[in-house]
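Below: the structure, in structure tokens.
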Amino acid sequence: MTTTTRGFATIQQRDLVNQIADMLTEALLKGEFAPGVHLAEAQLARDFGVSRAPVREAARLLESRGMLVSQPRRGFFVRTFNADELDDVYDLRLCLERHAIRLLAGKLTAAMEAALSHQLETMRQVARDGTAVQQIEEDVAFHRMLCEFSGNQRLVRVFDELCHEMRFCILLIGQLYDDPLRVADTHEPILEALRTRSPDAGEAALDYHIGVAQQRVVEMFRERAKG
């Protein structure tokens, strides 16, 4: 497999758009494209050794995931967030998941507990062996389970709509830890609290889990703004 000018590996035709989207996401997670930077479609097509059409479709896919934004006649840009916007995302996320975990604590079944435990192990596995994209998706999947098991389907739909911004936030959380395994391990207290069947314990564990991330990420952004 040959290497292109930017260092992207030449890709196979199978599932071309998703492959390009995954490779671009990896580059974004590694900081190879700064927030606000323009992604030149023609240059990326040359880097990947493909036509512009699959690059454009991959960019649209990343826009739907909240990582890029498009501007008419200008193309795609890496999304930027400010501290206040991140604070808003976390506030809404807390509202959703607090309600979900209180509902779930009173109806947690053995099957739900086993599924959450299995998901936590999956997160640890991809932390050791998976890609950054997989780590984000499995983290989102754990929190979506909390909403899904609550039994409130409208809550799940709102969670899904918020997932685009959350993926970006989880990306930032990953930058706060040298070891991705630590990110996975921070979910263990949520599961332990649920096992008590106490809504208050579940909410407290979730508040700490999301609250610590919110404080660190927002503070990081405020420091960047000062610099």
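For the structure tokens, the naming scheme is as follows: chains receive sequential letters (A, B, ...) according to their order of presentation, residues are indexed from 1 within each chain, and ligands are indexed from 1 in presentation order.
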Quick one: residues within 10 Å of Arg98 in chain A, only C-alpha atoms, excluding same-chain residues fewer than 5 positions away - as a count of residues only? 14
Near-Leu86 in chain A list (12 Å; only C-alpha atoms; drop same-chain fewer than 4 positions) as an MDAnalysis selection string: chainID A and resid 80:82 90:93 162 165:170 172:173 213:222
Shell of 8 Å around Thr122 in chain A, only C-alpha atoms, local chain residues under 4 positions omitted, as a list of chain:residue names: A:His118, A:Val126, A:Glu138
Could you take the residues named above and write them with N, CA, C and O atoms, as a PDB file, in the first residue's frame?
```
ATOM      1  N   HIS A 118     -20.933  -5.167  29.459  1.00  0.00           N
ATOM      2  CA  HIS A 118     -20.280  -5.599  28.218  1.00  0.00           C
ATOM      3  C   HIS A 118     -19.808  -4.395  27.412  1.00  0.00           C
ATOM      4  O   HIS A 118     -18.709  -4.407  26.838  1.00  0.00           O
ATOM      5  N   VAL A 126     -11.339  -1.214  22.914  1.00  0.00           N
ATOM      6  CA  VAL A 126     -10.977  -0.279  21.846  1.00  0.00           C
ATOM      7  C   VAL A 126     -10.003   0.778  22.352  1.00  0.00           C
ATOM      8  O   VAL A 126      -9.230   1.341  21.565  1.00  0.00           O
ATOM      9  N   GLU A 138     -17.854   4.147  20.774  1.00  0.00           N
ATOM     10  CA  GLU A 138     -18.211   3.257  21.879  1.00  0.00           C
ATOM     11  C   GLU A 138     -18.559   4.056  23.139  1.00  0.00           C
ATOM     12  O   GLU A 138     -19.411   3.642  23.928  1.00  0.00           O
TER      13      GLU A 138
END
```
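Omitting Ala127 in chain A and its sequence neighbours fewer than 5 positions away, and counting only C-alpha atoms, the residues within 7 Å are Gln135, Pro180 and Leu181 of chain A.
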With only C-alpha atoms as the counted atoms, please give the residues lying no more than 10 Å from range 32-34 of chain A, apart from itself and same-chain residues fewer than 6 positions off, as number ranges by chain. A: 6, 24-26, 77-80
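Of note, CA of Ala58 in chain A and CA of Val17 in chain A are spaced 5.1 Å apart.
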Quick one: residues within 12 Å of Ala59 in chain A, only C-alpha atoms, excluding same-chain residues fewer than 3 positions away - as a ChimeraX atom specification? /A:17-25,38-41,44-45,52-56,62-70,75-79
Could you work out how far CA of Asp88 in chain A lies from CA of Glu192 in chain A, giving the answer in Å with one decimal? 27.7 Å
